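All remarks here apply to the structure that follows.
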Amino acid sequence: MQLLKALWALAGAAICCFLIFVIHSQFLKEGQLAAGTCEIVTLDRDSSQPRRTIARQTARCACKKGQIAGTTRARPACVDARIIKTKQWCEMLPCLEGEGCDLLINKSGWTCTQPGGRIKTTTPV
């Protein structure tokens with residue numbers, strides 16, 4: 001009798017796990033991102049000019065309400081939409097740890113200055 005109860009409990013748990021998996025797969029189809037996450041879709045580098053590398057990156061984000069695609073710690077991320085609207089780029093912490101962030105004069109982007117003096121300039125499209 002105990003064995004039968006244990007088997008029924010095990011079968012019930014297996015069915016519950018299967019149903020959770022099916023429901024989850026319906027909400028998060030293949031190719032969809034979880035809310036609040038981003039992924040890099042394309043990354044192109046152009047080093048044809050001396051001492052200069054131009055990188056173009058395209059990201060795909062699934063941001064929550066009130067957020068928009070941006071950059072945090074040199075990676076695509078969902079950030080507060082107010083930061084993008086007001087062009088206060090450094091508030092989204094776009095530079096790597098240890099780098100300094102400065103707005104470009106016309107607020108069209110930002111620069112990240114490394115401790116050695118190397119400067120990376122970013123202008124969002």
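Ordering of the structure tokens sets the chain letters (A, B, ...); residue numbers start at 1 within each chain; ligands are numbered from 1 in the order shown.
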
If you count only C-alpha atoms, which residues fall within 8 Å of Thr122 (chain A), apart from same-chain ones fewer than 4 positions away, as a PyMOL selection string? chain A and resi 109-111

Those residues you just picked out, can you put them in a file as a short mmCIF file (atom, residue, chain, number, x, y, z; two decimals), in the first residue's frame with N, CA and C atoms?
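Final file, again_12.cif:
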data_model
loop_
_atom_site.label_atom_id
_atom_site.label_comp_id
_atom_site.auth_asym_id
_atom_site.auth_seq_id
_atom_site.Cartn_x
_atom_site.Cartn_y
_atom_site.Cartn_z
N GLY A 109 27.04 61.63 -27.08
CA GLY A 109 27.63 60.37 -26.65
C GLY A 109 28.50 60.59 -25.43
N TRP A 110 29.43 59.65 -25.20
CA TRP A 110 30.28 59.72 -24.02
C TRP A 110 31.66 59.16 -24.35
N THR A 111 32.60 59.44 -23.46
CA THR A 111 33.95 58.87 -23.57
C THR A 111 34.24 58.09 -22.29
#

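Reported to one decimal place, the separation of CA of Asp44 (chain A) from CA of Ala62 (chain A) is 22.2 Å.
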
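The gap separating CA of Leu43 (chain A) from CA of Met92 (chain A) is 21.0 Å, in Å to one decimal.
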
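Taking CA of Arg118 (chain A) as the reference point, CA of Trp89 (chain A) is found at 19.2 Å.
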
Applying 7 Å and only C-alpha atoms, which residues near Asp46 (chain A) remain after dropping the ones on its own chain fewer than 5 positions away? List them as a compact mmCIF listing (two decimals) with N, CA and C atoms, in the first residue's frame.
# COMPACT_ATOMS: atom_id res chain seq x y z
N THR A 53 40.13 52.31 -34.08
CA THR A 53 39.25 51.18 -34.38
C THR A 53 37.82 51.64 -34.22
N ILE A 54 37.02 51.42 -35.24
CA ILE A 54 35.60 51.77 -35.18
C ILE A 54 34.83 50.46 -35.00
N ALA A 55 34.05 50.40 -33.94
CA ALA A 55 33.25 49.21 -33.67
C ALA A 55 31.78 49.57 -33.74

Got a sec: who's within 9 Å of Cys101 (chain A), counting only C-alpha atoms, leaving out chain neighbours fewer than 2 positions off, as an NGL selection string? :A and (89-90 or 93-95 or 99 or 103 or 110-113)
